[in-house]
Amino acid sequence: MKSDDGKEPRNFKKADLVLVGVSRTSKTPLSTILAQRGLKVANLPLVLGVATPPELEEASQERIVGLTIGLDPLVEIRKARLKQLGLSVDASYGLRDQVKEELEYAQRIFRAHPSWPVIDVTGRAIEETAVIILESLKERDEQAKNARAALI
């Protein structure tokens, strides 16, 4: 929890995994599940117009995973969240155009970091996404191990 929502970005270098995505892409619950499996996990929300911290670039790029979600499901999730908090569903946080811009911003960041796998969480259970992330890490570790072995 010390590294939830971008708190303590200096921990990105120490993390086994850093999850990156816009608000409501399940970063925190995924972090919790993966931490229960023994990983040190940090997460960072991508906020439109806010640059990512330099510590993200300094972290092992093989340990960063992008999270995305479909536009319409995200709009519905955010409107439900606003309603749950007793706020107007017409707040910019839940407006389709705003959400679309945020997702496009995230996609630009993901394209700038082609080594990051990007997982679409639309319609997935958190546990299912966690398994996909773990498999991705295992695959990347195997590729790195094979690359090192080929050099010997």
# chains A, B, ... in the order shown; residues from 1 in each chain; ligands from 1
>>> residues_around(residues="Glu127 in chain A", least_positions_apart="5", cutoff="12 Å", atoms="only C-alpha atoms", output="PyMOL selection string")
chain A and resi 26+29-34+36-37+121+132-134
>>> select_by_dssp(residues="range 20-108 of chain A", states="alpha helix (DSSP H)", output="ChimeraX atom specification")
/A:27-36,54-58,71-84,96-108
>>> atom_distance(atom1="CA of Gln61 in chain A", atom2="CA of Glu8 in chain A")
17.6 Å
>>> select_by_dssp(residues="range 8-108 of chain A", states="strand (DSSP E)", output="number ranges by chain")
A: 17-21, 41-45, 64-68
>>> residues_around(residues="Leu19 in chain A", least_positions_apart="2", cutoff="10 Å", atoms="only C-alpha atoms", output="VMD selection string")
chain A and resid 4 to 6 12 17 21 25 to 28 30 to 31 41 to 45 63 to 67 116 118 133
>>> residues_around(residues="Val22 in chain A", least_positions_apart="4", cutoff="8 Å", atoms="only C-alpha atoms", output="NGL selection string")
:A and (45-47 or 67-68 or 102-103 or 106)
>>> write_last_selection(atoms="all heavy atoms", output="JSON list (two decimals), in the first residue's frame")
[["chain", "number", "residue", "atom", "x", "y", "z"],
["A", 45, "PRO", "N", -1.17, 5.75, -11.53],
["A", 45, "PRO", "CA", -2.27, 6.19, -12.39],
["A", 45, "PRO", "C", -1.74, 7.14, -13.47],
["A", 45, "PRO", "O", -0.90, 7.99, -13.20],
["A", 45, "PRO", "CB", -3.20, 6.94, -11.42],
["A", 45, "PRO", "CG", -2.32, 7.40, -10.32],
["A", 45, "PRO", "CD", -1.19, 6.41, -10.23],
["A", 46, "LEU", "N", -2.23, 6.95, -14.68],
["A", 46, "LEU", "CA", -1.90, 7.87, -15.77],
["A", 46, "LEU", "C", -2.98, 8.94, -15.78],
["A", 46, "LEU", "O", -4.16, 8.63, -15.93],
["A", 46, "LEU", "CB", -1.85, 7.13, -17.10],
["A", 46, "LEU", "CG", -0.76, 6.07, -17.21],
["A", 46, "LEU", "CD1", -0.86, 5.34, -18.54],
["A", 46, "LEU", "CD2", 0.62, 6.67, -17.01],
["A", 47, "VAL", "N", -2.54, 10.17, -15.60],
["A", 47, "VAL", "CA", -3.47, 11.30, -15.50],
["A", 47, "VAL", "C", -3.21, 12.22, -16.69],
["A", 47, "VAL", "O", -2.07, 12.65, -16.91],
["A", 47, "VAL", "CB", -3.28, 12.05, -14.16],
["A", 47, "VAL", "CG1", -4.22, 13.24, -14.07],
["A", 47, "VAL", "CG2", -3.49, 11.10, -12.98],
["A", 67, "LEU", "N", -2.11, -1.21, -18.33],
["A", 67, "LEU", "CA", -3.48, -1.71, -18.24],
["A", 67, "LEU", "C", -4.39, -0.76, -19.00],
["A", 67, "LEU", "O", -4.28, 0.46, -18.86],
["A", 67, "LEU", "CB", -3.93, -1.79, -16.78],
["A", 67, "LEU", "CG", -3.12, -2.70, -15.87],
["A", 67, "LEU", "CD1", -3.60, -2.56, -14.43],
["A", 67, "LEU", "CD2", -3.19, -4.14, -16.32],
["A", 68, "THR", "N", -5.27, -1.32, -19.82],
["A", 68, "THR", "CA", -6.22, -0.52, -20.56],
["A", 68, "THR", "C", -7.60, -1.16, -20.43],
["A", 68, "THR", "O", -7.73, -2.27, -19.90],
["A", 68, "THR", "CB", -5.80, -0.35, -22.04],
["A", 68, "THR", "OG1", -6.60, 0.67, -22.63],
["A", 68, "THR", "CG2", -5.90, -1.63, -22.82],
["A", 102, "GLU", "N", -8.32, 10.51, -22.01],
["A", 102, "GLU", "CA", -7.44, 9.83, -21.06],
["A", 102, "GLU", "C", -6.91, 8.52, -21.61],
["A", 102, "GLU", "O", -5.72, 8.21, -21.49],
["A", 102, "GLU", "CB", -8.16, 9.58, -19.74],
["A", 102, "GLU", "CG", -8.39, 10.84, -18.93],
["A", 102, "GLU", "CD", -9.08, 10.53, -17.61],
["A", 102, "GLU", "OE1", -8.72, 9.54, -16.95],
["A", 102, "GLU", "OE2", -10.00, 11.29, -17.26],
["A", 103, "LEU", "N", -7.80, 7.74, -22.23],
["A", 103, "LEU", "CA", -7.38, 6.47, -22.82],
["A", 103, "LEU", "C", -6.40, 6.69, -23.97],
["A", 103, "LEU", "O", -5.42, 5.93, -24.12],
["A", 103, "LEU", "CB", -8.60, 5.66, -23.28],
["A", 103, "LEU", "CG", -9.45, 5.07, -22.16],
["A", 103, "LEU", "CD1", -10.75, 4.51, -22.72],
["A", 103, "LEU", "CD2", -8.68, 4.01, -21.40],
["A", 106, "ALA", "N", -3.05, 7.49, -22.47],
["A", 106, "ALA", "CA", -2.42, 6.26, -22.00],
["A", 106, "ALA", "C", -1.83, 5.48, -23.17],
["A", 106, "ALA", "O", -0.70, 4.97, -23.09],
["A", 106, "ALA", "CB", -3.42, 5.41, -21.23]]
>>> closest_residue(among="A:Asp97, A:Asp90, A:Glu139, A:Asp72", to="Gly123 in chain A", atoms="only C-alpha atoms")
A:Asp72
>>> closest_residue(among="A:Glu62, A:Lys14, A:Ala51, A:Ser115", to="Glu142 in chain A", atoms="only C-alpha atoms")
A:Glu62
>>> residues_around(residues="Glu76 in chain A", least_positions_apart="2", cutoff="12 Å", atoms="only C-alpha atoms", output="list in words")
Arg24, Ile69, Gly70, Leu71, Asp72, Pro73, Leu74, Arg78, Lys79, Ala80, Arg81, Leu82, Lys83, Val89, Asp90, Tyr93, Gly94, Leu95, Arg96, Val99 and Thr122 of chain A
>>> closest_residue(among="A:Asn11, A:Gln107, A:Gln98, A:Gln84", to="Ser60 in chain A", atoms="only C-alpha atoms")
A:Asn11
>>> residues_around(residues="Pro54 in chain A", least_positions_apart="4", cutoff="9 Å", atoms="only C-alpha atoms", output="ChimeraX atom specification")
/A:9,58-59
>>> atom_distance(atom1="CA of Val18 in chain A", atom2="CA of Lys40 in chain A")
8.7 Å
>>> decode(residues="range 7-22 of chain A", atoms="all heavy atoms", output="mmCIF file, in the first residue's frame")
data_model
loop_
_atom_site.group_PDB
_atom_site.id
_atom_site.type_symbol
_atom_site.label_atom_id
_atom_site.label_comp_id
_atom_site.auth_asym_id
_atom_site.auth_seq_id
_atom_site.Cartn_x
_atom_site.Cartn_y
_atom_site.Cartn_z
ATOM 1 N N LYS A 7 2.262 6.640 -5.088
ATOM 2 C CA LYS A 7 2.962 7.096 -3.886
ATOM 3 C C LYS A 7 4.352 6.465 -3.884
ATOM 4 O O LYS A 7 4.513 5.314 -4.273
ATOM 5 C CB LYS A 7 2.218 6.649 -2.621
ATOM 6 C CG LYS A 7 0.922 7.354 -2.384
ATOM 7 C CD LYS A 7 0.326 6.866 -1.067
ATOM 8 C CE LYS A 7 -1.108 6.499 -1.268
ATOM 9 N NZ LYS A 7 -1.609 5.549 -0.309
ATOM 10 N N GLU A 8 5.314 7.192 -3.429
ATOM 11 C CA GLU A 8 6.691 6.690 -3.327
ATOM 12 C C GLU A 8 7.241 6.167 -4.662
ATOM 13 O O GLU A 8 7.614 4.999 -4.768
ATOM 14 C CB GLU A 8 6.779 5.595 -2.259
ATOM 15 C CG GLU A 8 6.376 6.016 -0.871
ATOM 16 C CD GLU A 8 7.297 7.065 -0.265
ATOM 17 O OE1 GLU A 8 8.487 7.167 -0.664
ATOM 18 O OE2 GLU A 8 6.822 7.803 0.609
ATOM 19 N N PRO A 9 7.302 7.003 -5.685
ATOM 20 C CA PRO A 9 7.813 6.533 -6.979
ATOM 21 C C PRO A 9 9.238 5.996 -6.915
ATOM 22 O O PRO A 9 9.640 5.218 -7.779
ATOM 23 C CB PRO A 9 7.711 7.754 -7.890
ATOM 24 C CG PRO A 9 7.395 8.910 -7.028
ATOM 25 C CD PRO A 9 6.880 8.394 -5.732
ATOM 26 N N ARG A 10 9.967 6.356 -5.870
ATOM 27 C CA ARG A 10 11.331 5.799 -5.751
ATOM 28 C C ARG A 10 11.280 4.280 -5.571
ATOM 29 O O ARG A 10 12.262 3.587 -5.803
ATOM 30 C CB ARG A 10 12.083 6.475 -4.605
ATOM 31 C CG ARG A 10 11.503 6.187 -3.251
ATOM 32 C CD ARG A 10 12.325 6.800 -2.132
ATOM 33 N NE ARG A 10 11.699 6.479 -0.871
ATOM 34 C CZ ARG A 10 11.309 7.360 0.018
ATOM 35 N NH1 ARG A 10 11.508 8.637 -0.187
ATOM 36 N NH2 ARG A 10 10.754 6.976 1.136
ATOM 37 N N ASN A 11 10.126 3.753 -5.155
ATOM 38 C CA ASN A 11 9.982 2.302 -5.000
ATOM 39 C C ASN A 11 9.820 1.570 -6.330
ATOM 40 O O ASN A 11 9.878 0.344 -6.360
ATOM 41 C CB ASN A 11 8.803 1.973 -4.079
ATOM 42 C CG ASN A 11 9.108 2.270 -2.634
ATOM 43 O OD1 ASN A 11 10.262 2.349 -2.227
ATOM 44 N ND2 ASN A 11 8.065 2.456 -1.845
ATOM 45 N N PHE A 12 9.622 2.306 -7.421
ATOM 46 C CA PHE A 12 9.473 1.650 -8.720
ATOM 47 C C PHE A 12 10.698 0.795 -9.042
ATOM 48 O O PHE A 12 10.577 -0.279 -9.612
ATOM 49 C CB PHE A 12 9.253 2.668 -9.845
ATOM 50 C CG PHE A 12 7.938 3.411 -9.776
ATOM 51 C CD1 PHE A 12 7.744 4.552 -10.532
ATOM 52 C CD2 PHE A 12 6.894 2.987 -8.973
ATOM 53 C CE1 PHE A 12 6.546 5.242 -10.496
ATOM 54 C CE2 PHE A 12 5.687 3.670 -8.922
ATOM 55 C CZ PHE A 12 5.515 4.797 -9.688
ATOM 56 N N LYS A 13 11.884 1.277 -8.672
ATOM 57 C CA LYS A 13 13.113 0.528 -8.943
ATOM 58 C C LYS A 13 13.184 -0.754 -8.121
ATOM 59 O O LYS A 13 13.791 -1.725 -8.537
ATOM 60 C CB LYS A 13 14.337 1.388 -8.644
ATOM 61 C CG LYS A 13 14.624 2.449 -9.661
ATOM 62 C CD LYS A 13 15.986 3.038 -9.413
ATOM 63 C CE LYS A 13 15.925 4.531 -9.453
ATOM 64 N NZ LYS A 13 17.212 5.166 -9.171
ATOM 65 N N LYS A 14 12.588 -0.745 -6.948
ATOM 66 C CA LYS A 14 12.621 -1.904 -6.053
ATOM 67 C C LYS A 14 11.506 -2.905 -6.356
ATOM 68 O O LYS A 14 11.555 -4.041 -5.891
ATOM 69 C CB LYS A 14 12.459 -1.447 -4.602
ATOM 70 C CG LYS A 14 13.516 -0.496 -4.105
ATOM 71 C CD LYS A 14 13.154 -0.055 -2.701
ATOM 72 C CE LYS A 14 13.933 1.162 -2.270
ATOM 73 N NZ LYS A 14 13.462 1.686 -0.987
ATOM 74 N N ALA A 15 10.515 -2.482 -7.105
ATOM 75 C CA ALA A 15 9.335 -3.314 -7.337
ATOM 76 C C ALA A 15 9.630 -4.476 -8.279
ATOM 77 O O ALA A 15 10.425 -4.364 -9.212
ATOM 78 C CB ALA A 15 8.205 -2.458 -7.910
ATOM 79 N N ASP A 16 8.950 -5.588 -8.018
ATOM 80 C CA ASP A 16 8.979 -6.713 -8.949
ATOM 81 C C ASP A 16 8.102 -6.407 -10.150
ATOM 82 O O ASP A 16 8.285 -6.973 -11.226
ATOM 83 C CB ASP A 16 8.438 -7.982 -8.267
ATOM 84 C CG ASP A 16 9.310 -8.438 -7.111
ATOM 85 O OD1 ASP A 16 10.547 -8.395 -7.241
ATOM 86 O OD2 ASP A 16 8.744 -8.846 -6.078
ATOM 87 N N LEU A 17 7.139 -5.503 -9.935
ATOM 88 C CA LEU A 17 6.167 -5.194 -10.961
ATOM 89 C C LEU A 17 5.604 -3.797 -10.718
ATOM 90 O O LEU A 17 5.330 -3.434 -9.580
ATOM 91 C CB LEU A 17 5.024 -6.224 -10.892
ATOM 92 C CG LEU A 17 3.882 -6.101 -11.861
ATOM 93 C CD1 LEU A 17 4.354 -6.336 -13.293
ATOM 94 C CD2 LEU A 17 2.803 -7.109 -11.505
ATOM 95 N N VAL A 18 5.420 -3.040 -11.810
ATOM 96 C CA VAL A 18 4.767 -1.735 -11.733
ATOM 97 C C VAL A 18 3.601 -1.756 -12.728
ATOM 98 O O VAL A 18 3.793 -1.999 -13.914
ATOM 99 C CB VAL A 18 5.720 -0.566 -12.076
ATOM 100 C CG1 VAL A 18 4.989 0.773 -11.967
ATOM 101 C CG2 VAL A 18 6.953 -0.579 -11.175
ATOM 102 N N LEU A 19 2.395 -1.527 -12.206
ATOM 103 C CA LEU A 19 1.197 -1.479 -13.042
ATOM 104 C C LEU A 19 0.887 -0.030 -13.369
ATOM 105 O O LEU A 19 0.904 0.821 -12.481
ATOM 106 C CB LEU A 19 0.012 -2.110 -12.309
ATOM 107 C CG LEU A 19 0.189 -3.562 -11.882
ATOM 108 C CD1 LEU A 19 -1.016 -4.023 -11.074
ATOM 109 C CD2 LEU A 19 0.412 -4.461 -13.082
ATOM 110 N N VAL A 20 0.590 0.243 -14.636
ATOM 111 C CA VAL A 20 0.357 1.603 -15.101
ATOM 112 C C VAL A 20 -0.940 1.632 -15.910
ATOM 113 O O VAL A 20 -1.135 0.808 -16.805
ATOM 114 C CB VAL A 20 1.539 2.065 -15.995
ATOM 115 C CG1 VAL A 20 1.335 3.473 -16.494
ATOM 116 C CG2 VAL A 20 2.860 1.948 -15.252
ATOM 117 N N GLY A 21 -1.824 2.584 -15.585
ATOM 118 C CA GLY A 21 -3.060 2.717 -16.348
ATOM 119 C C GLY A 21 -3.895 3.868 -15.823
ATOM 120 O O GLY A 21 -3.612 4.417 -14.757
ATOM 121 N N VAL A 22 -4.927 4.219 -16.581
ATOM 122 C CA VAL A 22 -5.818 5.294 -16.146
ATOM 123 C C VAL A 22 -6.630 4.828 -14.940
ATOM 124 O O VAL A 22 -6.652 3.639 -14.603
ATOM 125 C CB VAL A 22 -6.760 5.767 -17.289
ATOM 126 C CG1 VAL A 22 -5.959 6.299 -18.471
ATOM 127 C CG2 VAL A 22 -7.724 4.690 -17.707
#
